[in-house]
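Visitor: Starting off with a structure, shown below.
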Amino acid sequence: MLEKALSGGRRYWTWMAFLVILLGVGFSFYLRQLDYGLGITGMSRNVTWALYIAQLTFLVGVAASAVMVVLPYYLHNYRGFGRITILGEFLAVSAVLMCLIFIIVDLGQPARAFNVLLYPTPSSILFWDMIVLNGYLLLNILIGWTVLSSERKSVPPPVWVKPLIYISIPWAISIHTVTAFIYAGLPGRSFWLTALMAPRFLASAFASGPALLILLCFILRKFTRFDAGRESVQMLAKIVTYALVISIFFVLMEIFTVFYSQIPEHMQPFKYLFVGLEGHYALVPWMWSAMVLAGLGLILLINPRTRQNETLLGIACAAVFVSLWIEKGLGLVVTGFIPSPLEKITDYSPTGPEILITLGVWAMGSFILTILYKVAVSIKEELEA
Amino acid sequence: MKSTRRTFLKIAGLSLLGVGTKPVFDALAEVEVAKALKAPEALGAKRWAMAVNPKKCSSGCKDCIEACHRVHNVPDFGNPKDEIKWIWNEPFKDAFPGQEHAYIEESFKEKPVIVLCNHCDNPPCVRVCPTKATFRRKEDGIVMMDYHRCIGCRFCVAGCPYGARSMNYRDPRPFIKAIQPDFPTRTKGVVEKCNFCEERLARGLLPACVLACKEKALIFGDLENPKSPVRELLRKNFTIRRKPELGTNPQVYYIV
């Protein structure tokens with residue numbers, strides 16, 4: 001089936017070449033990082049996790065959101081998602097791959113990564129994260145590829161896939177729960193120390209992931225003969241709407257507890273994010289942009305007339321995706337380190353090499369996603385022809 | 001043919017026997033090795049701990065900091081971003097956040113307090129480490145690090161509520177003033193912190209910071225021994241610890 005990715009039009013090859021260039025640039029800067037050390041990034045003694053780990057956190061959400069198409073299709077027999085289940089699964093594959101690469105990129109000693117397997121430590125959440133992420137990757141490759149190849153041969157998928165599909169549903173929830181536990185169980189990091197972390201992660205993931213999927217469906221419709229169908233896109237839009245509402249509700253819950261209790265160490269990080277703290281405002285413009293975008297997305301999505309207009313739906317989905325990327329891919333991780341355990345406020349901004357390495361990993365993910373989607377779409381086109 | 005098979009079986013049987021007894025030999029060997037490694041002059045304790053008396057600290061003095069950083073090959077990058085430190089001064093209000101109030105004397109608020117790894121009884125850094133590169137030595141409670149196993153994920157840095165851990169963001173060796181050959185230097189990409197001078201205790205020496213302090217503001221000893229200097233200080237003075245409410249059970253005590 002992979003041979004389908006080897007034939008394509010001029011636009012396809014230009015896009016792939018563009019991604020390869022980005023990937024190459026990122027990789028060359030990664031070699032520099034290997035040589036110099038993580039000091040090449042904007043991370044510091046006080047802010048020790050930043051852009052890389054934040055991308056991991058955000059992309060785990062994108063990966064987990066595949067369950068939002070898998071669950072209605074396989075558990076509720078919702079036929080509308082039959083055509084796009086494979087898109088959800090392949091999106092999960094490329095997102096999890098990016099997650100794993102971002103972990104490696106963030107290690108000070110990547111050559112020793114296998115120490116996690118050589119000295120398994122169940123008390124460490126990172127150990128469990130490694131297990132759930134790799135397991136989820138394997139499940140989705142196996143399920144997606146098998147179901148697609150059966151579809152190509154017009155035979156029902158083999159029976160052994162069914163149990164794997166059912167396992168993949170709670171497994172999707174687990175990847176984001178475990179990722180939330182990385183943050184939510186640390187004493188002395190008040191910003192992260194909340195039981196709402198995992199539910200919040202899941203809610204925002206089920207908004208950002210399906211929003212991206214809608215945008216991808218639009219792109220596929222524009223450039224290929226594959227049409228996800230109006231009905232399934234509208235169903236996805238409803239999922240994004242509900243998840244976004246729940247996500248905003250959770251953030252407001254958090255803000256109530258923090259500001260009504262008036263505990264200073266819980267208020268400080270939120271102040272840093274939204275109004276600035278002791279003259280430090282680095283993330284304030286970003287967070288307000290995120291809020292405006294989330295508000296815009298909410299208005300466009302909650303109103304049935306605007307939601308059913310596909311141009312406006314596209315704008316809403318882009319707004320939701322960018323808003324939640326800012327919240328998780330920028331604000332959540334860095335702010336956990338502010339103020340530091342010794343009350344220092346250290347602003348963080350990514351360096352050029354750090355941004356290029358990050359873009360390189362995203363390019364790699366997009367490259368793999370394009371190949372997988374090319375295969376899936378070519379087979380669907382072939383069957384419909 | 002027959003005899004070949006017989007010899008083969010014999011050898012196989014013996015080998016199996018050998019494999020079976022290996023753990024027994026290993027256990028015996030471990031005891032032997034442990035005995036052989038422990039120097040007769042080594043200082044031992046059931047629970048090492050430190051008491052800090054900030055009142056005795058003379059202002060501007062950095063003897064303990066310099067002694068520690070010298071013997072442990074701690075680099076000086078000259079910038080706060082990459083900074084590595086094992087023991088250092090913090091204003092009282094930052095070392096004990098939440099303890100200050102509007103009427104606290106200004107000099108006390110800014111009073112430098114020595115801070116270092118607390119060698120917690122319940123260390124979050126050990127709990128979160130995915131490779132056991134940081135671990136708590138059961139026999140004396142020191143929280144230690146294996147610099148060769150650390151993968152540099154910095155989970156421990158996020159886990160430590162005291163800011164005691166530093167990451168080697170770049171190669172530290174060019175930034176060490178004079179390399180001490182009897183203590184390892186670190187490589188880029190690993191985390192490090194105070195080790196209560198376990199390498200000196202093994203040779204019968206007190207921690208470098210304790211010996212360097214002329215004012216005797218740092219007191220080191222066995223918490224389980226009622227006659228130890230630390231216990232004596234804890235009996236005679238009111239002491240506080242940093243963030244005890246987090247349940248980490250820190251083992252550095254501050255006389256106030």
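Here, A, B, ... name the chains of the structure tokens in the order displayed, residue numbers run from 1 inside each chain, and ligands are numbered from 1 in the same displayed order.
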Please provide as a PyMOL selection string all residues within 9 Å of segment 83-89 of chain A, with the sequence filter that same-chain residues fewer than 3 positions apart are discarded (counting only C-alpha atoms).
Guide: chain A and resi 63+65-70+73+79-80+92-94+140-141+143-145+147-148+209-210+213+216-217+227-229+232+372-373+376+380
Visitor: Using only C-alpha atoms, select each residue of chain A with any atom at most 6 Å away from an atom of chain B, and give the selection as a PyMOL selection string.
Guide: chain A and resi 36-39+44-45+107-109+112+115-116+119+121+123-124+126-127+186+188+341-343
Visitor: Print the selection's residues with N, CA and C atoms to a file, as a tab-separated table (two decimals), in the first residue's frame.
Guide:
```tsv
chain	number	residue	atom	x	y	z
A	36	TYR	N	26.52	21.22	21.57
A	36	TYR	CA	26.65	22.29	22.57
A	36	TYR	C	25.96	21.92	23.88
A	37	GLY	N	24.85	21.23	23.79
A	37	GLY	CA	24.03	20.94	24.97
A	37	GLY	C	22.73	21.72	24.91
A	38	LEU	N	21.83	21.45	25.86
A	38	LEU	CA	20.51	22.10	25.84
A	38	LEU	C	20.59	23.60	26.12
A	39	GLY	N	21.78	24.07	26.47
A	39	GLY	CA	21.98	25.51	26.67
A	39	GLY	C	21.70	26.32	25.41
A	44	SER	N	16.47	27.53	31.24
A	44	SER	CA	17.43	28.04	32.20
A	44	SER	C	17.37	27.20	33.47
A	45	ARG	N	18.17	27.61	34.47
A	45	ARG	CA	18.15	26.87	35.73
A	45	ARG	C	16.75	26.85	36.34
A	107	LEU	N	15.93	15.54	25.82
A	107	LEU	CA	16.84	14.88	26.76
A	107	LEU	C	18.23	15.50	26.70
A	108	GLY	N	18.83	15.64	27.87
A	108	GLY	CA	20.21	16.13	27.91
A	108	GLY	C	21.19	15.08	27.40
A	109	GLN	N	20.85	13.81	27.62
A	109	GLN	CA	21.71	12.70	27.19
A	109	GLN	C	20.86	11.70	26.39
A	112	ARG	N	21.39	7.95	26.15
A	112	ARG	CA	21.09	7.08	27.29
A	112	ARG	C	19.60	6.82	27.44
A	115	ASN	N	18.08	3.79	29.07
A	115	ASN	CA	18.17	3.54	30.52
A	115	ASN	C	16.78	3.43	31.13
A	116	VAL	N	15.79	4.07	30.48
A	116	VAL	CA	14.41	3.99	30.99
A	116	VAL	C	13.93	2.53	30.93
A	119	TYR	N	16.48	0.21	33.42
A	119	TYR	CA	16.22	0.34	34.86
A	119	TYR	C	14.78	0.77	35.06
A	121	THR	N	11.37	1.94	36.28
A	121	THR	CA	11.06	2.55	37.56
A	121	THR	C	9.57	2.90	37.61
A	123	SER	N	7.69	3.95	39.81
A	123	SER	CA	7.26	5.12	40.57
A	123	SER	C	7.32	6.38	39.73
A	124	SER	N	8.02	6.32	38.60
A	124	SER	CA	8.15	7.51	37.76
A	124	SER	C	7.07	7.54	36.70
A	126	LEU	N	7.10	9.24	34.05
A	126	LEU	CA	7.73	9.24	32.72
A	126	LEU	C	7.86	7.81	32.18
A	127	PHE	N	8.11	6.87	33.09
A	127	PHE	CA	8.19	5.46	32.71
A	127	PHE	C	6.85	5.01	32.12
A	186	LEU	N	3.34	16.88	41.42
A	186	LEU	CA	4.59	17.40	41.95
A	186	LEU	C	4.34	18.37	43.10
A	188	GLY	N	4.93	21.42	45.47
A	188	GLY	CA	5.67	22.66	45.31
A	188	GLY	C	5.55	23.29	43.93
A	341	PRO	N	10.89	27.74	42.99
A	341	PRO	CA	10.76	27.40	44.41
A	341	PRO	C	11.42	28.43	45.32
A	342	LEU	N	12.32	29.23	44.77
A	342	LEU	CA	12.96	30.28	45.57
A	342	LEU	C	12.45	31.66	45.15
A	343	GLU	N	11.20	31.68	44.70
A	343	GLU	CA	10.49	32.94	44.47
A	343	GLU	C	11.08	33.80	43.37
```
Visitor: For atom CA of Trp362 of chain A and atom CA of Leu22 of chain A, determine how far apart the two atoms are, in Å to one decimal place.
Guide: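 Atom-to-atom, atom CA of Trp362 of chain A and atom CA of Leu22 of chain A are spaced 8.9 Å apart.
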Visitor: Report as a list in words all protein, DNA and RNA residues lying within 9 Å of Met144 of chain B, evaluated on only C-alpha atoms, omitting residues in the same chain fewer than 5 positions from it.
Guide: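 My list of contacting residues is His119, Ala133, Thr134, Phe135, Arg136, Arg137, Lys193, Cys194, Asn195, Phe196 and Glu198 of chain B.
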Visitor: Write the residues of the preceding selection, restricted to C-alpha atoms, as a tab-separated table (two decimals), in the first residue's frame.
Guide:
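Writing done, so here's again_0.tsv:
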```tsv
chain	number	residue	atom	x	y	z
B	119	HIS	CA	18.24	15.11	51.61
B	133	ALA	CA	19.76	7.76	38.54
B	134	THR	CA	18.88	9.65	41.68
B	135	PHE	CA	18.27	7.50	44.72
B	136	ARG	CA	18.16	7.57	48.48
B	137	ARG	CA	20.87	5.52	50.18
B	193	LYS	CA	23.20	18.65	43.32
B	194	CYS	CA	24.69	18.48	46.82
B	195	ASN	CA	25.62	14.95	47.91
B	196	PHE	CA	26.25	15.68	51.62
B	198	GLU	CA	29.35	11.20	50.71
```
Visitor: Within segment 15-221 of chain B, find each residue whose DSSP state, derived from the backbone, is alpha helix (DSSP H), and express the selection as an mmCIF file with N, CA and C atoms, in the first residue's frame.
Guide:
```cif
data_model
loop_
_atom_site.group_PDB
_atom_site.id
_atom_site.type_symbol
_atom_site.label_atom_id
_atom_site.label_comp_id
_atom_site.auth_asym_id
_atom_site.auth_seq_id
_atom_site.Cartn_x
_atom_site.Cartn_y
_atom_site.Cartn_z
ATOM 1 N N SER B 15 27.057 -27.137 34.101
ATOM 2 C CA SER B 15 26.854 -25.714 33.791
ATOM 3 C C SER B 15 25.584 -25.213 34.440
ATOM 4 N N LEU B 16 24.514 -26.046 34.317
ATOM 5 C CA LEU B 16 23.241 -25.662 34.918
ATOM 6 C C LEU B 16 23.396 -25.447 36.416
ATOM 7 N N LEU B 17 24.124 -26.382 37.026
ATOM 8 C CA LEU B 17 24.365 -26.281 38.455
ATOM 9 C C LEU B 17 25.066 -24.960 38.768
ATOM 10 N N GLY B 18 26.044 -24.673 37.915
ATOM 11 C CA GLY B 18 26.806 -23.428 38.094
ATOM 12 C C GLY B 18 25.902 -22.217 38.004
ATOM 13 N N VAL B 19 25.014 -22.202 36.996
ATOM 14 C CA VAL B 19 24.096 -21.077 36.825
ATOM 15 C C VAL B 19 23.213 -20.942 38.052
ATOM 16 N N GLY B 20 22.743 -22.107 38.557
ATOM 17 C CA GLY B 20 21.862 -22.103 39.711
ATOM 18 C C GLY B 20 22.518 -21.527 40.951
ATOM 19 N N THR B 21 23.805 -21.776 41.109
ATOM 20 C CA THR B 21 24.457 -21.314 42.340
ATOM 21 C C THR B 21 24.976 -19.886 42.219
ATOM 22 N N LYS B 22 24.879 -19.329 41.000
ATOM 23 C CA LYS B 22 25.455 -17.995 40.789
ATOM 24 C C LYS B 22 24.925 -16.945 41.782
ATOM 25 N N PRO B 23 23.582 -16.886 41.983
ATOM 26 C CA PRO B 23 23.086 -15.864 42.922
ATOM 27 C C PRO B 23 23.700 -16.006 44.316
ATOM 28 N N VAL B 24 23.914 -17.279 44.723
ATOM 29 C CA VAL B 24 24.487 -17.500 46.054
ATOM 30 C C VAL B 24 25.895 -16.909 46.113
ATOM 31 N N PHE B 25 26.675 -17.232 45.072
ATOM 32 C CA PHE B 25 28.029 -16.683 45.020
ATOM 33 C C PHE B 25 28.001 -15.166 44.985
ATOM 34 N N ASP B 26 27.055 -14.641 44.177
ATOM 35 C CA ASP B 26 26.939 -13.182 44.050
ATOM 36 C C ASP B 26 26.681 -12.545 45.403
ATOM 37 N N ALA B 27 25.739 -13.153 46.145
ATOM 38 C CA ALA B 27 25.375 -12.594 47.448
ATOM 39 C C ALA B 27 26.589 -12.596 48.372
ATOM 40 N N LEU B 28 27.308 -13.733 48.366
ATOM 41 C CA LEU B 28 28.500 -13.822 49.205
ATOM 42 C C LEU B 28 29.524 -12.771 48.782
ATOM 43 N N ALA B 29 29.702 -12.674 47.447
ATOM 44 C CA ALA B 29 30.692 -11.738 46.921
ATOM 45 C C ALA B 29 30.330 -10.316 47.313
ATOM 46 N N GLU B 30 29.040 -9.999 47.304
ATOM 47 C CA GLU B 30 28.600 -8.645 47.628
ATOM 48 C C GLU B 30 29.022 -8.264 49.040
ATOM 49 N N VAL B 31 28.806 -9.191 49.957
ATOM 50 C CA VAL B 31 29.189 -8.933 51.346
ATOM 51 C C VAL B 31 30.691 -8.659 51.401
ATOM 52 N N GLU B 32 31.438 -9.536 50.706
ATOM 53 C CA GLU B 32 32.892 -9.392 50.703
ATOM 54 C C GLU B 32 33.298 -8.031 50.154
ATOM 55 N N VAL B 33 32.676 -7.682 48.993
ATOM 56 C CA VAL B 33 33.033 -6.421 48.342
ATOM 57 C C VAL B 33 32.723 -5.249 49.260
ATOM 58 N N ALA B 34 31.509 -5.293 49.868
ATOM 59 C CA ALA B 34 31.107 -4.188 50.729
ATOM 60 C C ALA B 34 32.115 -4.016 51.870
ATOM 61 N N LYS B 35 32.540 -5.126 52.438
ATOM 62 C CA LYS B 35 33.504 -5.056 53.540
ATOM 63 C C LYS B 35 34.814 -4.462 53.046
ATOM 64 N N ALA B 36 35.200 -4.924 51.865
ATOM 65 C CA ALA B 36 36.484 -4.499 51.340
ATOM 66 C C ALA B 36 36.472 -3.023 50.991
ATOM 67 N N LEU B 37 35.290 -2.530 50.552
ATOM 68 C CA LEU B 37 35.252 -1.149 50.087
ATOM 69 C C LEU B 37 35.224 -0.151 51.229
ATOM 70 N N ASP B 63 32.758 31.265 52.395
ATOM 71 C CA ASP B 63 33.722 30.179 52.584
ATOM 72 C C ASP B 63 33.128 28.807 52.277
ATOM 73 N N CYS B 64 31.942 28.534 52.832
ATOM 74 C CA CYS B 64 31.356 27.195 52.660
ATOM 75 C C CYS B 64 31.025 26.942 51.193
ATOM 76 N N ILE B 65 30.481 27.993 50.534
ATOM 77 C CA ILE B 65 30.083 27.850 49.133
ATOM 78 C C ILE B 65 31.305 27.559 48.274
ATOM 79 N N GLU B 66 32.360 28.360 48.514
ATOM 80 C CA GLU B 66 33.565 28.188 47.696
ATOM 81 C C GLU B 66 34.224 26.835 47.937
ATOM 82 N N ALA B 67 34.252 26.410 49.207
ATOM 83 C CA ALA B 67 34.870 25.118 49.513
ATOM 84 C C ALA B 67 34.126 23.987 48.807
ATOM 85 N N CYS B 68 32.801 24.027 48.903
ATOM 86 C CA CYS B 68 31.989 22.968 48.282
ATOM 87 C C CYS B 68 32.195 22.941 46.781
ATOM 88 N N HIS B 69 32.078 24.107 46.159
ATOM 89 C CA HIS B 69 32.153 24.155 44.702
ATOM 90 C C HIS B 69 33.551 23.808 44.194
ATOM 91 N N ARG B 70 34.565 24.080 45.043
ATOM 92 C CA ARG B 70 35.929 23.724 44.634
ATOM 93 C C ARG B 70 36.133 22.209 44.669
ATOM 94 N N VAL B 71 35.779 21.556 45.768
ATOM 95 C CA VAL B 71 36.059 20.116 45.873
ATOM 96 C C VAL B 71 35.160 19.285 44.961
ATOM 97 N N PHE B 92 16.240 35.455 53.470
ATOM 98 C CA PHE B 92 15.316 34.694 54.312
ATOM 99 C C PHE B 92 13.930 34.577 53.685
ATOM 100 N N LYS B 93 13.436 35.687 53.125
ATOM 101 C CA LYS B 93 12.061 35.707 52.609
ATOM 102 C C LYS B 93 11.874 34.747 51.432
ATOM 103 N N ASP B 94 12.976 34.463 50.681
ATOM 104 C CA ASP B 94 12.867 33.538 49.552
ATOM 105 C C ASP B 94 13.116 32.091 49.966
ATOM 106 N N ALA B 95 13.985 31.916 50.979
ATOM 107 C CA ALA B 95 14.245 30.558 51.461
ATOM 108 C C ALA B 95 13.030 30.020 52.211
ATOM 109 N N GLU B 106 13.664 44.642 58.331
ATOM 110 C CA GLU B 106 14.198 44.631 56.968
ATOM 111 C C GLU B 106 15.470 43.789 56.878
ATOM 112 N N SER B 107 16.336 43.926 57.881
ATOM 113 C CA SER B 107 17.613 43.213 57.830
ATOM 114 C C SER B 107 17.382 41.704 57.893
ATOM 115 N N PHE B 108 16.328 41.316 58.603
ATOM 116 C CA PHE B 108 16.050 39.889 58.732
ATOM 117 C C PHE B 108 15.445 39.332 57.452
ATOM 118 N N LYS B 109 14.599 40.162 56.840
ATOM 119 C CA LYS B 109 13.937 39.777 55.606
ATOM 120 C C LYS B 109 14.962 39.425 54.533
ATOM 121 N N PRO B 124 10.803 13.762 46.510
ATOM 122 C CA PRO B 124 10.056 13.700 45.252
ATOM 123 C C PRO B 124 10.980 13.468 44.050
ATOM 124 N N CYS B 125 12.220 13.959 44.122
ATOM 125 C CA CYS B 125 13.137 13.792 42.986
ATOM 126 C C CYS B 125 13.405 12.321 42.725
ATOM 127 N N VAL B 126 13.521 11.536 43.795
ATOM 128 C CA VAL B 126 13.771 10.097 43.654
ATOM 129 C C VAL B 126 12.530 9.413 43.087
ATOM 130 N N ARG B 127 11.370 9.870 43.570
ATOM 131 C CA ARG B 127 10.110 9.273 43.112
ATOM 132 C C ARG B 127 9.924 9.463 41.608
ATOM 133 N N VAL B 128 10.289 10.636 41.072
ATOM 134 C CA VAL B 128 9.971 10.924 39.674
ATOM 135 C C VAL B 128 11.050 10.455 38.698
ATOM 136 N N PHE B 155 13.096 15.792 35.101
ATOM 137 C CA PHE B 155 11.876 15.560 35.874
ATOM 138 C C PHE B 155 12.169 15.857 37.351
ATOM 139 N N CYS B 156 13.390 15.503 37.793
ATOM 140 C CA CYS B 156 13.758 15.733 39.195
ATOM 141 C C CYS B 156 13.799 17.223 39.518
ATOM 142 N N VAL B 157 14.223 18.033 38.525
ATOM 143 C CA VAL B 157 14.279 19.479 38.749
ATOM 144 C C VAL B 157 12.864 20.012 38.965
ATOM 145 N N ALA B 158 11.925 19.499 38.161
ATOM 146 C CA ALA B 158 10.530 19.911 38.329
ATOM 147 C C ALA B 158 9.981 19.388 39.648
ATOM 148 N N GLY B 159 10.436 18.214 40.072
ATOM 149 C CA GLY B 159 9.916 17.603 41.287
ATOM 150 C C GLY B 159 10.430 18.229 42.559
ATOM 151 N N GLU B 198 29.252 12.638 50.416
ATOM 152 C CA GLU B 198 29.346 11.201 50.708
ATOM 153 C C GLU B 198 30.744 10.677 50.415
ATOM 154 N N GLU B 199 31.433 11.289 49.417
ATOM 155 C CA GLU B 199 32.778 10.808 49.062
ATOM 156 C C GLU B 199 33.775 11.147 50.163
ATOM 157 N N ARG B 200 33.526 12.229 50.911
ATOM 158 C CA ARG B 200 34.420 12.603 52.011
ATOM 159 C C ARG B 200 34.095 11.789 53.265
ATOM 160 N N LEU B 201 32.782 11.574 53.508
ATOM 161 C CA LEU B 201 32.391 10.753 54.664
ATOM 162 C C LEU B 201 33.028 9.370 54.562
ATOM 163 N N ALA B 208 32.728 19.346 53.240
ATOM 164 C CA ALA B 208 33.629 20.468 52.977
ATOM 165 C C ALA B 208 33.070 21.780 53.503
ATOM 166 N N CYS B 209 31.756 21.991 53.357
ATOM 167 C CA CYS B 209 31.165 23.252 53.792
ATOM 168 C C CYS B 209 31.269 23.386 55.312
ATOM 169 N N VAL B 210 31.047 22.267 56.007
ATOM 170 C CA VAL B 210 31.072 22.275 57.471
ATOM 171 C C VAL B 210 32.479 22.625 57.966
ATOM 172 N N LEU B 211 33.477 22.015 57.355
ATOM 173 C CA LEU B 211 34.855 22.286 57.775
ATOM 174 C C LEU B 211 35.288 23.702 57.410
ATOM 175 N N ALA B 212 34.755 24.219 56.296
ATOM 176 C CA ALA B 212 35.195 25.539 55.831
ATOM 177 C C ALA B 212 34.658 26.669 56.698
#
```
Visitor: If I take atom CA of Arg221 of chain A and atom CA of Tyr12 of chain A, how far is one from the other in Å, to one decimal?
Guide: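 Between atom CA of Arg221 of chain A and atom CA of Tyr12 of chain A the gap is 14.4 Å.
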Visitor: When you count only C-alpha atoms, which of these residues is closest to Asp146 of chain B: B:Pro112, B:Arg186, B:Ile179, B:His101?
Guide: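 When distances to Asp146 of chain B are compared using only C-alpha atoms, the smallest one comes from B:Arg186.
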Visitor: Could you check how far atom CA of Ser7 of chain A sits from atom CA of Arg152 of chain A, in Å to one decimal?
Guide: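 A separation of 17.5 Å between them.
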Visitor: Taking the DSSP secondary structure from the backbone, can you list the residues of segment 150-236 of chain B that are strand (DSSP E or B), as a list of chain:residue names?
Guide: B:Ser166, B:Met167, B:Val191, B:Glu192, B:Leu218, B:Ile219, B:Phe220, B:Gly221, B:Asp222
Visitor: Please produce a file of those selected residues containing C-alpha atoms, as a PDB file, in the first residue's frame.
Guide:
```pdb
ATOM      1  CA  SER B 166      21.005  22.215  38.521  1.00  0.00           C
ATOM      2  CA  MET B 167      21.153  21.040  34.925  1.00  0.00           C
ATOM      3  CA  VAL B 191      21.567  17.063  36.527  1.00  0.00           C
ATOM      4  CA  GLU B 192      23.577  17.513  39.712  1.00  0.00           C
ATOM      5  CA  LEU B 218      26.902  24.546  59.844  1.00  0.00           C
ATOM      6  CA  ILE B 219      26.586  21.505  62.092  1.00  0.00           C
ATOM      7  CA  PHE B 220      26.576  17.994  60.689  1.00  0.00           C
ATOM      8  CA  GLY B 221      25.818  14.702  62.382  1.00  0.00           C
ATOM      9  CA  ASP B 222      23.749  11.597  62.918  1.00  0.00           C
TER      10      ASP B 222
END
```
Visitor: Choose the residue, out of A:Leu383, A:Leu97, A:Ala207, A:Ile255, that has the smallest atom-to-atom separation from Val240 of chain A; count only C-alpha atoms.
Guide: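 Residue with the minimum atom-to-atom distance to Val240 of chain A: A:Ala207.
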Visitor: Select, from B:Asp121, B:Gly78, B:Asn89, B:Leu205, the residue with the minimum atom-to-atom distance to Glu139 of chain B, counting only C-alpha atoms.
Guide: B:Asp121
